[in-house]
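Peer 1: So here's input03.cif (mmCIF, C-alpha atoms).
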data_protein
#
loop_
_atom_site.label_atom_id
_atom_site.label_comp_id
_atom_site.auth_asym_id
_atom_site.auth_seq_id
_atom_site.Cartn_x
_atom_site.Cartn_y
_atom_site.Cartn_z
CA MET A 1 -23.19 -53.16 -222.27
CA ASN A 2 -22.23 -50.34 -224.62
CA HIS A 3 -23.79 -46.91 -224.74
CA GLN A 4 -25.99 -47.53 -227.78
CA SER A 5 -27.53 -50.67 -226.30
CA ALA A 6 -28.11 -48.77 -223.03
CA ILE A 7 -30.05 -46.12 -224.97
CA ASP A 8 -31.91 -48.62 -227.18
CA THR A 9 -33.09 -50.70 -224.21
CA MET A 10 -33.95 -47.71 -221.94
CA ALA A 11 -31.42 -49.10 -219.49
CA ALA A 12 -31.55 -46.04 -217.20
CA GLU A 13 -35.32 -46.34 -216.76
CA ARG A 14 -35.16 -50.12 -216.28
CA TYR A 15 -32.37 -49.71 -213.74
CA MET A 16 -34.34 -47.19 -211.73
CA LEU A 17 -37.48 -49.36 -211.96
CA ALA A 18 -35.41 -52.31 -210.60
CA GLU A 19 -36.19 -54.37 -213.70
CA MET A 20 -32.68 -55.72 -214.25
CA ASN A 21 -31.29 -58.97 -212.94
CA GLU A 22 -28.02 -58.86 -211.02
CA ALA A 23 -25.78 -59.54 -214.02
CA GLU A 24 -27.40 -56.88 -216.18
CA ARG A 25 -27.39 -54.39 -213.31
CA ASP A 26 -23.69 -54.98 -212.76
CA ASP A 27 -23.04 -54.59 -216.47
CA PHE A 28 -24.98 -51.33 -216.68
CA GLU A 29 -23.27 -49.97 -213.57
CA ASP A 30 -19.89 -50.78 -215.16
CA HIS A 31 -21.00 -48.74 -218.14
CA TYR A 32 -22.63 -45.71 -216.53
CA PHE A 33 -19.85 -45.07 -214.04
CA ASP A 34 -17.68 -44.35 -217.08
CA CYS A 35 -20.34 -42.71 -219.25
CA VAL A 36 -21.29 -39.11 -218.55
CA VAL A 37 -24.52 -39.30 -220.59
CA CYS A 38 -25.90 -42.34 -218.76
CA THR A 39 -24.74 -40.93 -215.41
CA ASN A 40 -26.69 -37.79 -216.20
CA ASP A 41 -29.78 -39.88 -217.07
CA ILE A 42 -29.60 -41.85 -213.82
CA ARG A 43 -29.11 -38.77 -211.68
CA THR A 44 -31.90 -36.89 -213.43
CA LEU A 45 -34.28 -39.79 -212.78
CA GLU A 46 -33.25 -39.90 -209.13
CA THR A 47 -33.57 -36.12 -208.66
CA MET A 48 -36.96 -36.27 -210.35
CA ARG A 49 -38.07 -39.11 -208.10
CA VAL A 50 -37.11 -37.22 -204.93
CA GLY A 51 -38.68 -33.99 -206.19
CA ILE A 52 -41.96 -35.63 -207.22
CA ARG A 53 -42.18 -37.49 -203.92
CA GLU A 54 -41.63 -34.30 -201.92
CA ALA A 55 -44.10 -32.32 -204.01
CA LEU A 56 -46.82 -34.98 -203.75
CA GLN A 57 -46.20 -35.45 -200.02
CA LYS A 58 -46.43 -31.72 -199.44
CA ASP A 59 -49.71 -31.54 -201.35
CA ARG A 60 -51.16 -34.46 -199.46
CA PHE A 61 -50.31 -33.14 -195.99
CA ALA A 62 -50.81 -29.42 -196.60
CA PRO A 63 -52.51 -27.92 -193.53
CA ASP A 64 -55.85 -26.12 -193.91
CA PRO A 65 -55.24 -22.42 -194.56
CA LEU A 66 -55.74 -20.21 -191.52
CA PRO A 67 -58.48 -17.63 -191.76
CA ASP A 68 -57.35 -14.04 -192.46
CA PRO A 69 -56.69 -12.19 -189.20
CA VAL A 70 -59.34 -9.62 -188.34
CA PRO A 71 -58.38 -6.54 -186.30
CA VAL A 72 -60.11 -6.64 -182.94
CA GLN A 73 -62.52 -3.75 -182.33
CA TRP A 74 -63.07 -4.09 -178.62
CA TRP A 75 -65.82 -1.48 -178.32
CA ARG A 76 -68.20 -3.30 -180.62
CA PRO A 77 -70.88 -5.37 -178.91
CA VAL A 78 -70.22 -8.30 -181.25
CA VAL A 79 -66.64 -8.42 -179.88
CA ALA A 80 -67.20 -7.25 -176.30
CA MET A 81 -70.13 -9.53 -175.55
CA PRO A 82 -68.41 -12.86 -176.39
CA TRP A 83 -65.43 -11.71 -174.37
CA ALA A 84 -67.66 -10.87 -171.44
CA ALA A 85 -69.35 -14.22 -171.80
CA SER A 86 -65.97 -15.95 -171.89
CA MET A 87 -64.87 -14.18 -168.71
CA ALA A 88 -68.10 -15.10 -167.01
CA LEU A 89 -67.59 -18.70 -168.04
CA VAL A 90 -64.08 -18.72 -166.60
CA ALA A 91 -65.40 -17.37 -163.31
CA HIS A 92 -68.10 -19.98 -163.23
CA LEU A 93 -65.60 -22.79 -163.97
CA SER A 94 -63.27 -21.58 -161.24
CA TYR A 95 -66.18 -21.68 -158.75
CA LEU A 96 -67.14 -25.16 -159.90
CA HIS A 97 -63.53 -26.38 -159.69
CA LEU A 98 -62.89 -24.94 -156.24
CA VAL A 99 -66.25 -25.65 -154.64
CA THR A 100 -67.59 -28.84 -156.21
CA ILE A 101 -64.57 -30.70 -157.73
CA PRO A 102 -65.69 -34.36 -157.27
CA ALA A 103 -69.14 -33.82 -158.74
CA ARG A 104 -68.09 -31.61 -161.67
CA THR A 105 -64.86 -33.30 -162.89
CA ALA A 106 -66.52 -35.07 -165.82
CA GLU A 107 -68.23 -31.84 -166.93
CA ILE A 108 -64.92 -29.92 -166.95
CA GLU A 109 -63.15 -32.64 -168.96
CA ASN A 110 -65.89 -32.53 -171.55
CA LEU A 111 -65.60 -28.75 -171.85
CA ASN A 112 -61.82 -28.97 -172.31
CA ARG A 113 -62.25 -31.38 -175.21
CA GLN A 114 -64.59 -28.98 -176.96
CA ILE A 115 -62.11 -26.11 -176.55
CA ALA A 116 -59.27 -28.25 -177.90
CA ALA A 117 -61.38 -29.20 -180.94
CA THR A 118 -62.08 -25.57 -181.80
CA THR A 119 -58.42 -24.51 -181.52
CA GLY A 120 -57.26 -27.15 -184.04
CA VAL A 121 -54.99 -29.28 -181.86
CA ILE A 122 -54.93 -33.06 -182.27
CA THR A 123 -58.46 -34.28 -181.67
CA GLU A 124 -58.23 -37.95 -182.59
CA GLU A 125 -56.98 -40.35 -179.96
CA LEU A 126 -56.44 -44.05 -180.09
CA ALA A 127 -55.59 -46.05 -177.01
CA PHE A 128 -54.25 -49.59 -176.96
CA SER A 129 -53.59 -51.74 -173.94
CA SER A 130 -51.46 -54.81 -173.62
CA THR A 131 -54.56 -56.94 -173.11
CA PRO A 132 -54.53 -59.33 -176.09
CA ARG A 133 -57.22 -58.54 -178.66
CA SER A 134 -59.58 -61.22 -179.73
CA THR A 135 -59.80 -61.64 -183.49
CA ALA A 136 -63.52 -61.00 -183.08
CA ASP A 137 -62.86 -57.50 -181.71
CA ALA A 138 -63.48 -54.71 -184.19
CA VAL A 139 -60.32 -53.00 -185.46
CA PRO A 140 -60.19 -49.54 -183.87
CA GLU A 141 -60.92 -46.66 -186.21
CA VAL A 142 -59.98 -42.98 -186.41
CA ALA A 143 -61.12 -40.31 -188.82
CA ALA A 144 -59.04 -40.01 -191.99
CA ASN A 145 -57.06 -36.84 -192.69
CA LYS A 146 -56.89 -35.81 -189.02
CA ALA A 147 -53.83 -35.80 -186.77
CA VAL A 148 -53.91 -38.60 -184.21
CA TRP A 149 -52.45 -39.31 -180.78
CA ILE A 150 -51.84 -43.00 -180.23
CA PHE A 151 -51.46 -44.10 -176.59
CA VAL A 152 -50.19 -47.57 -175.82
CA ASP A 153 -50.00 -49.07 -172.35
CA ILE A 154 -47.50 -51.88 -172.60
CA ASP A 155 -46.88 -54.36 -169.86
CA ILE A 156 -43.23 -55.41 -170.21
CA ASP A 157 -42.00 -58.41 -168.25
CA ALA A 158 -38.73 -57.76 -166.44
CA SER A 159 -37.42 -60.95 -168.07
CA GLU A 160 -37.93 -59.57 -171.56
CA SER A 161 -36.84 -55.98 -171.06
CA TYR A 162 -34.57 -54.30 -173.63
CA PRO A 163 -32.10 -51.39 -173.55
CA SER A 164 -34.49 -49.40 -175.73
CA TYR A 165 -37.66 -49.74 -177.76
CA ARG A 166 -39.13 -48.51 -181.00
CA ALA A 167 -42.69 -47.71 -182.03
CA THR A 168 -43.29 -47.89 -185.79
CA VAL A 169 -46.50 -47.22 -187.70
CA TYR A 170 -46.84 -49.07 -191.02
CA ARG A 171 -49.35 -48.51 -193.75
CA GLN A 172 -50.99 -51.69 -195.03
CA ASP A 173 -48.60 -51.89 -198.00
CA GLY A 174 -45.62 -51.87 -195.65
CA VAL A 175 -44.63 -48.21 -196.07
CA VAL A 176 -43.34 -46.75 -192.80
CA ILE A 177 -45.42 -43.75 -191.74
CA LYS A 178 -43.48 -42.95 -188.59
CA SER A 179 -40.88 -44.59 -186.37
CA ASP A 180 -40.02 -43.22 -182.93
CA PRO A 181 -37.34 -44.48 -180.52
CA ILE A 182 -38.56 -44.98 -176.95
CA PRO A 183 -36.08 -44.98 -174.05
CA ALA A 184 -36.45 -47.91 -171.68
CA THR A 185 -37.22 -45.49 -168.82
CA LEU A 186 -40.45 -44.42 -170.54
CA ILE A 187 -41.73 -47.84 -171.55
CA SER A 188 -43.46 -48.48 -168.21
CA GLN A 189 -45.58 -45.36 -168.79
CA SER A 190 -48.06 -44.92 -171.60
CA VAL A 191 -46.18 -44.74 -174.93
CA LYS A 192 -47.46 -41.77 -176.89
CA VAL A 193 -47.02 -41.30 -180.66
CA ALA A 194 -48.33 -38.33 -182.63
CA LEU A 195 -49.25 -38.89 -186.25
CA ARG A 196 -49.86 -36.32 -188.94
CA PRO A 197 -53.18 -36.62 -190.79
CA LEU A 198 -53.49 -40.12 -192.22
CA PRO A 199 -55.13 -40.86 -195.57
CA ALA A 200 -57.86 -43.48 -195.42
CA SER A 201 -56.19 -46.87 -195.15
CA ARG A 202 -55.40 -49.68 -192.76
CA TYR A 203 -52.37 -49.27 -190.50
CA GLU A 204 -50.49 -51.13 -187.81
CA MET A 205 -48.45 -49.85 -184.89
CA VAL A 206 -45.64 -52.22 -183.99
CA ILE A 207 -43.70 -52.03 -180.73
CA GLU A 208 -40.26 -53.63 -180.82
CA GLY A 209 -37.53 -54.17 -178.27
CA VAL A 210 -34.10 -53.07 -179.56
CA ARG A 211 -31.00 -54.92 -178.39
CA LYS A 212 -27.56 -53.37 -178.09
CA ASP A 213 -26.49 -54.90 -181.41
CA GLY A 214 -29.39 -53.12 -183.07
CA ASN A 215 -31.45 -56.25 -183.71
CA ARG A 216 -35.12 -55.89 -182.91
CA THR A 217 -37.80 -58.22 -181.58
CA GLU A 218 -41.49 -57.55 -181.99
CA ILE A 219 -43.34 -57.21 -178.68
CA ALA A 220 -46.79 -56.13 -179.77
CA ARG A 221 -48.75 -55.21 -182.90
CA TYR A 222 -51.88 -53.04 -182.99
CA PRO A 223 -53.92 -52.71 -186.19
CA PHE A 224 -56.16 -49.70 -186.76
CA VAL A 225 -58.02 -48.06 -189.60
CA ALA A 226 -58.15 -44.44 -190.71
CA GLY A 227 -61.31 -43.52 -192.57
CA GLY A 228 -65.04 -43.98 -192.63
CA ARG A 229 -65.87 -41.19 -190.13
CA MET B 1 -19.21 -41.51 -229.74
CA ASP B 2 -17.10 -41.31 -226.60
CA HIS B 3 -18.86 -40.32 -223.41
CA PHE B 4 -16.03 -41.09 -221.05
CA PRO B 5 -15.34 -38.38 -218.53
CA PHE B 6 -12.08 -39.95 -217.35
CA ASP B 7 -8.71 -40.67 -218.88
CA ASP B 8 -5.08 -41.22 -217.88
CA ASP B 9 -4.61 -37.46 -217.58
CA TYR B 10 -7.45 -37.21 -215.05
CA VAL B 11 -5.87 -39.95 -212.94
CA ARG B 12 -2.46 -38.28 -213.17
CA ARG B 13 -3.87 -34.94 -211.98
CA LEU B 14 -5.61 -36.67 -209.10
CA ARG B 15 -2.40 -38.45 -208.17
CA ASP B 16 -0.46 -35.17 -208.29
CA GLY B 17 -2.97 -33.47 -206.00
CA ASP B 18 -4.55 -31.05 -208.49
CA ARG B 19 -7.17 -29.19 -206.42
CA PHE B 20 -9.86 -28.92 -209.10
CA THR B 21 -9.55 -32.58 -210.01
CA GLU B 22 -9.74 -33.57 -206.34
CA GLU B 23 -12.85 -31.43 -205.87
CA HIS B 24 -14.44 -32.98 -208.91
CA PHE B 25 -13.58 -36.48 -207.71
CA SER B 26 -15.09 -35.81 -204.26
CA SER B 27 -18.31 -34.36 -205.67
CA TYR B 28 -18.83 -36.42 -208.85
CA PHE B 29 -18.96 -39.95 -207.49
CA PRO B 30 -21.06 -39.79 -204.28
CA PRO B 31 -24.45 -39.23 -206.00
CA SER B 32 -23.94 -42.22 -208.34
CA LEU B 33 -22.60 -44.36 -205.51
CA ARG B 34 -25.60 -43.44 -203.35
CA ILE B 35 -28.02 -44.50 -206.07
CA MET B 36 -26.15 -47.76 -206.66
CA LEU B 37 -25.90 -48.64 -202.96
CA ARG B 38 -29.57 -47.97 -202.41
CA ARG B 39 -30.50 -50.10 -205.42
CA GLN B 40 -28.51 -53.01 -204.00
CA GLY B 41 -30.18 -52.73 -200.59
CA THR B 42 -27.34 -51.31 -198.48
CA PRO B 43 -28.78 -50.17 -195.10
CA SER B 44 -29.50 -46.45 -195.21
CA ASP B 45 -27.36 -45.62 -192.17
CA ALA B 46 -24.33 -47.36 -193.75
CA ILE B 47 -24.37 -45.64 -197.15
CA GLU B 48 -22.46 -42.47 -196.30
CA ASP B 49 -19.76 -44.38 -194.41
CA VAL B 50 -19.31 -46.76 -197.34
CA ILE B 51 -19.00 -43.83 -199.75
CA GLN B 52 -16.41 -42.04 -197.62
CA ASP B 53 -14.44 -45.26 -197.22
CA THR B 54 -14.57 -45.83 -200.98
CA LEU B 55 -13.25 -42.38 -201.84
CA PHE B 56 -10.48 -42.79 -199.29
CA ARG B 57 -9.41 -46.18 -200.67
CA VAL B 58 -9.51 -45.04 -204.29
CA LEU B 59 -7.45 -41.94 -203.56
CA LYS B 60 -4.94 -44.03 -201.65
CA ASN B 61 -4.52 -46.40 -204.60
CA VAL B 62 -4.30 -43.51 -207.07
CA ARG B 63 -1.49 -41.97 -205.05
CA ALA B 64 0.23 -45.36 -204.89
CA ASP B 65 0.09 -45.40 -208.70
CA LYS B 66 -2.02 -48.56 -208.81
CA ILE B 67 -4.54 -47.42 -211.43
CA ARG B 68 -3.73 -48.87 -214.85
CA ASP B 69 -6.36 -47.51 -217.21
CA GLY B 70 -7.76 -44.03 -216.72
CA ARG B 71 -10.67 -44.65 -219.09
CA THR B 72 -12.16 -47.24 -216.75
CA PHE B 73 -11.56 -45.16 -213.64
CA GLY B 74 -15.29 -44.87 -213.01
CA LYS B 75 -15.75 -48.63 -213.12
CA TYR B 76 -12.82 -48.98 -210.72
CA VAL B 77 -14.46 -46.62 -208.22
CA LYS B 78 -17.70 -48.56 -208.53
CA THR B 79 -15.92 -51.88 -207.91
CA VAL B 80 -14.12 -50.54 -204.84
CA CYS B 81 -17.46 -49.30 -203.53
CA LYS B 82 -19.18 -52.67 -203.97
CA ASN B 83 -16.30 -54.46 -202.23
CA THR B 84 -16.38 -51.93 -199.38
CA ALA B 85 -20.14 -52.40 -198.97
CA GLN B 86 -19.71 -56.19 -198.87
CA GLU B 87 -17.01 -55.95 -196.21
CA ASP B 88 -19.22 -53.62 -194.24
CA PHE B 89 -22.13 -56.06 -194.50
CA ARG B 90 -19.94 -58.93 -193.27
CA LYS B 91 -18.95 -56.88 -190.22
CA GLY B 92 -22.65 -57.01 -189.23
CA ARG B 93 -23.49 -53.34 -189.28
CA ASN B 94 -26.76 -52.03 -187.74
CA THR B 95 -29.64 -53.28 -189.89
CA ASP B 96 -31.92 -50.30 -189.24
CA GLN B 97 -33.27 -49.52 -192.70
CA LEU B 98 -35.93 -47.05 -191.80
CA GLY B 99 -35.97 -43.76 -193.54
CA ASP B 100 -34.67 -42.64 -196.92
CA THR B 101 -31.28 -40.96 -196.74
CA ASP B 102 -31.90 -39.37 -200.09
CA ASP B 103 -35.02 -37.70 -198.73
CA ARG B 104 -33.32 -36.44 -195.61
CA PRO B 105 -33.17 -32.69 -195.77
CA ASP B 106 -29.69 -31.37 -196.44
CA PRO B 107 -28.50 -28.46 -194.33
CA ASP B 108 -30.39 -25.51 -195.77
CA THR B 109 -27.76 -23.17 -197.13
CA PRO B 110 -29.08 -20.32 -199.28
CA GLN B 111 -27.82 -22.16 -202.36
CA ARG B 112 -29.64 -25.35 -201.37
CA LYS B 113 -32.84 -23.42 -200.66
CA PHE B 114 -32.60 -21.90 -204.12
CA MET B 115 -31.97 -25.31 -205.69
CA LYS B 116 -34.94 -26.79 -203.79
CA ARG B 117 -37.22 -24.05 -205.10
CA GLU B 118 -35.93 -24.62 -208.63
CA LEU B 119 -36.46 -28.38 -208.22
CA GLN B 120 -40.00 -27.97 -206.91
CA GLY B 121 -40.80 -25.57 -209.75
CA ALA B 122 -39.50 -28.02 -212.36
CA VAL B 123 -41.36 -30.93 -210.77
CA ARG B 124 -44.66 -29.06 -210.64
CA ALA B 125 -44.24 -27.97 -214.26
CA VAL B 126 -43.66 -31.60 -215.33
CA LEU B 127 -46.66 -32.85 -213.33
CA ALA B 128 -48.91 -30.06 -214.64
CA GLU B 129 -48.23 -31.12 -218.26
CA MET B 130 -49.25 -34.71 -217.59
CA ASP B 131 -52.74 -36.09 -217.86
CA GLU B 132 -54.38 -37.23 -214.66
CA ARG B 133 -53.66 -40.90 -215.20
CA ASP B 134 -49.92 -40.39 -215.65
CA ALA B 135 -49.74 -38.10 -212.60
CA THR B 136 -51.60 -40.76 -210.59
CA ILE B 137 -49.17 -43.42 -211.82
CA LEU B 138 -46.23 -41.34 -210.58
CA ASP B 139 -47.99 -40.82 -207.26
CA GLU B 140 -48.47 -44.58 -206.89
CA LEU B 141 -44.90 -45.27 -208.00
CA TYR B 142 -42.99 -42.65 -206.00
CA LEU B 143 -45.14 -41.69 -203.04
CA GLN B 144 -47.27 -44.73 -202.29
CA GLU B 145 -44.48 -47.04 -203.56
CA LEU B 146 -46.97 -49.60 -204.82
CA ASP B 147 -45.81 -52.73 -206.57
CA LYS B 148 -45.17 -51.95 -210.27
CA ASP B 149 -47.19 -54.91 -211.52
CA GLU B 150 -50.08 -53.70 -209.36
CA ILE B 151 -49.78 -50.22 -210.86
CA CYS B 152 -49.85 -51.70 -214.38
CA ARG B 153 -52.87 -53.84 -213.52
CA ARG B 154 -54.79 -50.90 -212.04
CA HIS B 155 -54.30 -48.72 -215.09
CA GLY B 156 -54.36 -51.37 -217.82
CA ILE B 157 -50.80 -50.61 -218.95
CA ASP B 158 -47.64 -52.67 -219.37
CA ARG B 159 -44.12 -52.21 -218.00
CA ASN B 160 -43.01 -50.57 -221.24
CA TYR B 161 -45.57 -47.80 -220.68
CA LEU B 162 -43.99 -47.13 -217.28
CA ARG B 163 -40.53 -46.93 -218.83
CA VAL B 164 -41.66 -44.59 -221.58
CA LEU B 165 -43.52 -42.44 -219.03
CA LEU B 166 -40.36 -42.10 -216.95
CA HIS B 167 -38.29 -41.44 -220.04
CA ARG B 168 -40.55 -38.61 -221.24
CA ALA B 169 -40.84 -37.13 -217.76
CA ARG B 170 -37.06 -37.23 -217.45
CA GLU B 171 -36.55 -35.37 -220.73
CA LYS B 172 -39.06 -32.66 -219.76
CA PHE B 173 -37.58 -32.41 -216.30
CA ARG B 174 -34.04 -32.15 -217.64
CA LYS B 175 -34.95 -29.17 -219.81
CA LEU B 176 -36.42 -27.38 -216.81
CA PHE B 177 -33.83 -28.34 -214.22
CA ASP B 178 -30.54 -28.73 -216.04
CA ASP B 179 -27.58 -29.17 -213.77
CA ASP B 180 -24.34 -30.04 -215.58
CA SER B 181 -22.06 -29.06 -212.71
CA PHE B 182 -20.88 -32.66 -212.45
CA LEU B 183 -18.88 -32.53 -215.71
CA PRO B 184 -15.12 -33.03 -215.05
CA PRO B 185 -12.77 -30.07 -215.26
CA ASN B 186 -10.83 -29.59 -218.51
#
Would you mind writing the structure in this file as structure tokens?

Peer 2:
Amino acid sequence: MNHQSAIDTMAAERYMLAEMNEAERDDFEDHYFDCVVCTNDIRTLETMRVGIREALQKDRFAPDPLPDPVPVQWWRPVVAMPWAASMALVAHLSYLHLVTIPARTAEIENLNRQIAATTGVITEELAFSSTPRSTADAVPEVAANKAVWIFVDIDIDASESYPSYRATVYRQDGVVIKSDPIPATLISQSVKVALRPLPASRYEMVIEGVRKDGNRTEIARYPFVAGGR
Amino acid sequence: MDHFPFDDDYVRRLRDGDRFTEEHFSSYFPPSLRIMLRRQGTPSDAIEDVIQDTLFRVLKNVRADKIRDGRTFGKYVKTVCKNTAQEDFRKGRNTDQLGDTDDRPDPDTPQRKFMKRELQGAVRAVLAEMDERDATILDELYLQELDKDEICRRHGIDRNYLRVLLHRAREKFRKLFDDDSFLPPN
């Protein structure tokens, strides 16, 4: 391939769009490694690709802006009264916890969830167990665009244990959303994966055993959906 | 018109240990090699090792006076790289392909932070000039990584439209973010 034919056929764009067969790709690579203009074209396309991807990703996952801080004026009733109410609530909870723990445990857990929701920590949870799902079972669902904790209780047979494990979340088109290594020492406990807000789509969490040579074997697969709530 | 950045003189300076030529050699080839290796499916965790091995082998052969034609020096480097990647593959390297090495954040020196800001500014300027459909196409192509035929079907366009879109975006982007630091020393 000479330079003029590379320009005439938009070779740089076709190369970056993976539209060339192996022979043509090899031919174009032979050319651009010795051509400063085509090298510049290729690198510009690659830099642009990375930059656009980062910019779009940042826009998609931008956190909600925090409200402007307001100076606290303690002497005002509108400030003092909620604080007094909060202190009274704490006292009441302490009494409940110390005096009537068995009867009030569920009530306290419910209150903690409400507090967590108002402070903006992860509020969506998804729990999977190793009990095989029936195809008739509904696919679990979480709200779209909210951070999610995924808990997985995996029952690993001693006969099929691995040096380490990996938990990977895939979007339905195969794009990897997150992949976390899991040491073997933690696999007998609940595996916990935190996910940033997910756009509405179908996803799957895949647990794999990782051998010493790096090869992986799928152990379990858990589909779920983000969206609709 | 000649666009060749290399010649017999470049190879001679590299062989003789000229510092500026060595620096150019070490910085010029890795970006192109990275792009090529990723295109051919080399595992992401193997790419940097293959590149370092390639530069080492090429320099060794230059110093042993084994390079015949300086004008095809770039092609020679590319060939050594492909052979190195094949050898690496035959050795059965770790097949973990998760993650994009090109998107891994580089250590954030002040210069890199500046370059990142410049890059983001250029990208946003290019995207702002596009109509909504073209911006959506780039989102589907680069962020969602949808199949290209699917993208064409969704928007009622053909593959040539995609190429022209990339070509125009590239030209606009180049004007805003022009980096010619890769040119070889005189």

Peer 1: Once the PyMOL selection byres ((chain B and resi 81) around 8) is applied to the coordinates I shared, what remains selected? I want it as an MDAnalysis selection string.

Peer 2: chainID B and resid 33 50:51 54 77:80 82:85

Peer 1: Export C-alpha atoms of the chosen residues as a short mmCIF file (atom, residue, chain, number, x, y, z; two decimals), in the coordinates of the input?

Peer 2:
data_model
loop_
_atom_site.label_atom_id
_atom_site.label_comp_id
_atom_site.auth_asym_id
_atom_site.auth_seq_id
_atom_site.Cartn_x
_atom_site.Cartn_y
_atom_site.Cartn_z
CA LEU B 33 -22.60 -44.36 -205.51
CA VAL B 50 -19.31 -46.76 -197.34
CA ILE B 51 -19.00 -43.83 -199.75
CA THR B 54 -14.57 -45.83 -200.98
CA VAL B 77 -14.46 -46.62 -208.22
CA LYS B 78 -17.70 -48.56 -208.53
CA THR B 79 -15.92 -51.88 -207.91
CA VAL B 80 -14.12 -50.54 -204.84
CA LYS B 82 -19.18 -52.67 -203.97
CA ASN B 83 -16.30 -54.46 -202.23
CA THR B 84 -16.38 -51.93 -199.38
CA ALA B 85 -20.14 -52.40 -198.97
#

Peer 1: Which of these residues is nearest to chain A, using only C-alpha atoms: B:Arg168, B:Arg71, B:Arg63, B:Arg38?

Peer 2: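 That would be B:Arg71, the residue with the smallest distance to chain A.
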
Peer 1: Counting all atoms listed in the file, what are the residues of chain A within 8 Å of chain B, and for each of them which pair of atoms is the nearest and at what distance in Å, to one decimal? Sort the table by chain and rising number, as a tab-separated table.

Peer 2:
residue	atom	partner	partner_atom	distance
A:Met10	CA	B:Arg163	CA	7.3
A:Glu13	CA	B:Arg163	CA	5.6
A:Arg14	CA	B:Arg163	CA	6.7
A:Met16	CA	B:Arg39	CA	7.9
A:Leu17	CA	B:Arg163	CA	7.9
A:Ala18	CA	B:Arg39	CA	7.5
A:Glu29	CA	B:Lys78	CA	7.6
A:Asp30	CA	B:Lys75	CA	5.1
A:His31	CA	B:Lys75	CA	7.3
A:Phe33	CA	B:Gly74	CA	4.7
A:Asp34	CA	B:Gly74	CA	4.7
A:Cys35	CA	B:Phe4	CA	4.9
A:Val36	CA	B:His3	CA	5.6
A:Val37	CA	B:His3	CA	6.4
A:Thr39	CA	B:Ser32	CA	7.2
A:Asp41	CA	B:Arg170	CA	7.8
A:Ile42	CA	B:Ser32	CA	7.9
A:Arg43	CA	B:Ser32	CA	7.1
A:Thr44	CA	B:Arg170	CA	6.5
A:Leu45	CA	B:Arg170	CA	6.0
A:Glu46	CA	B:Ile35	CA	7.6
A:Met48	CA	B:Val123	CA	6.9
A:Arg49	CA	B:Tyr142	CA	6.4
A:Val50	CA	B:Asp103	CA	6.6
A:Gly51	CA	B:Val123	CA	6.1
A:Ile52	CA	B:Val123	CA	5.9
A:Arg53	CA	B:Leu143	CA	5.2
A:Ala55	CA	B:Gln120	CA	6.6
A:Leu56	CA	B:Asp139	CA	6.9
A:Gln57	CA	B:Leu143	CA	7.0
A:Asp173	CA	B:Leu146	CA	7.4
A:Val175	CA	B:Glu145	CA	7.6
A:Val176	CA	B:Leu98	CA	7.5
A:Ser179	CA	B:Leu98	CA	7.7
A:Asp213	CA	B:Asn94	CA	7.0
A:Gly214	CA	B:Asn94	CA	5.5
A:Asn215	CA	B:Thr95	CA	7.1

Peer 1: Just say which residues the PyMOL selection byres ((chain A and resi 199) around 6) picks in this file, as number ranges by chain.

Peer 2: A: 144-145, 198, 200

Peer 1: Mind pulling up the distance from CA of Pro77 in chain A to CA of His92 in chain A?

Peer 2: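 About the pair CA of His92 in chain A and CA of Pro77 in chain A: they are 21.6 Å apart.
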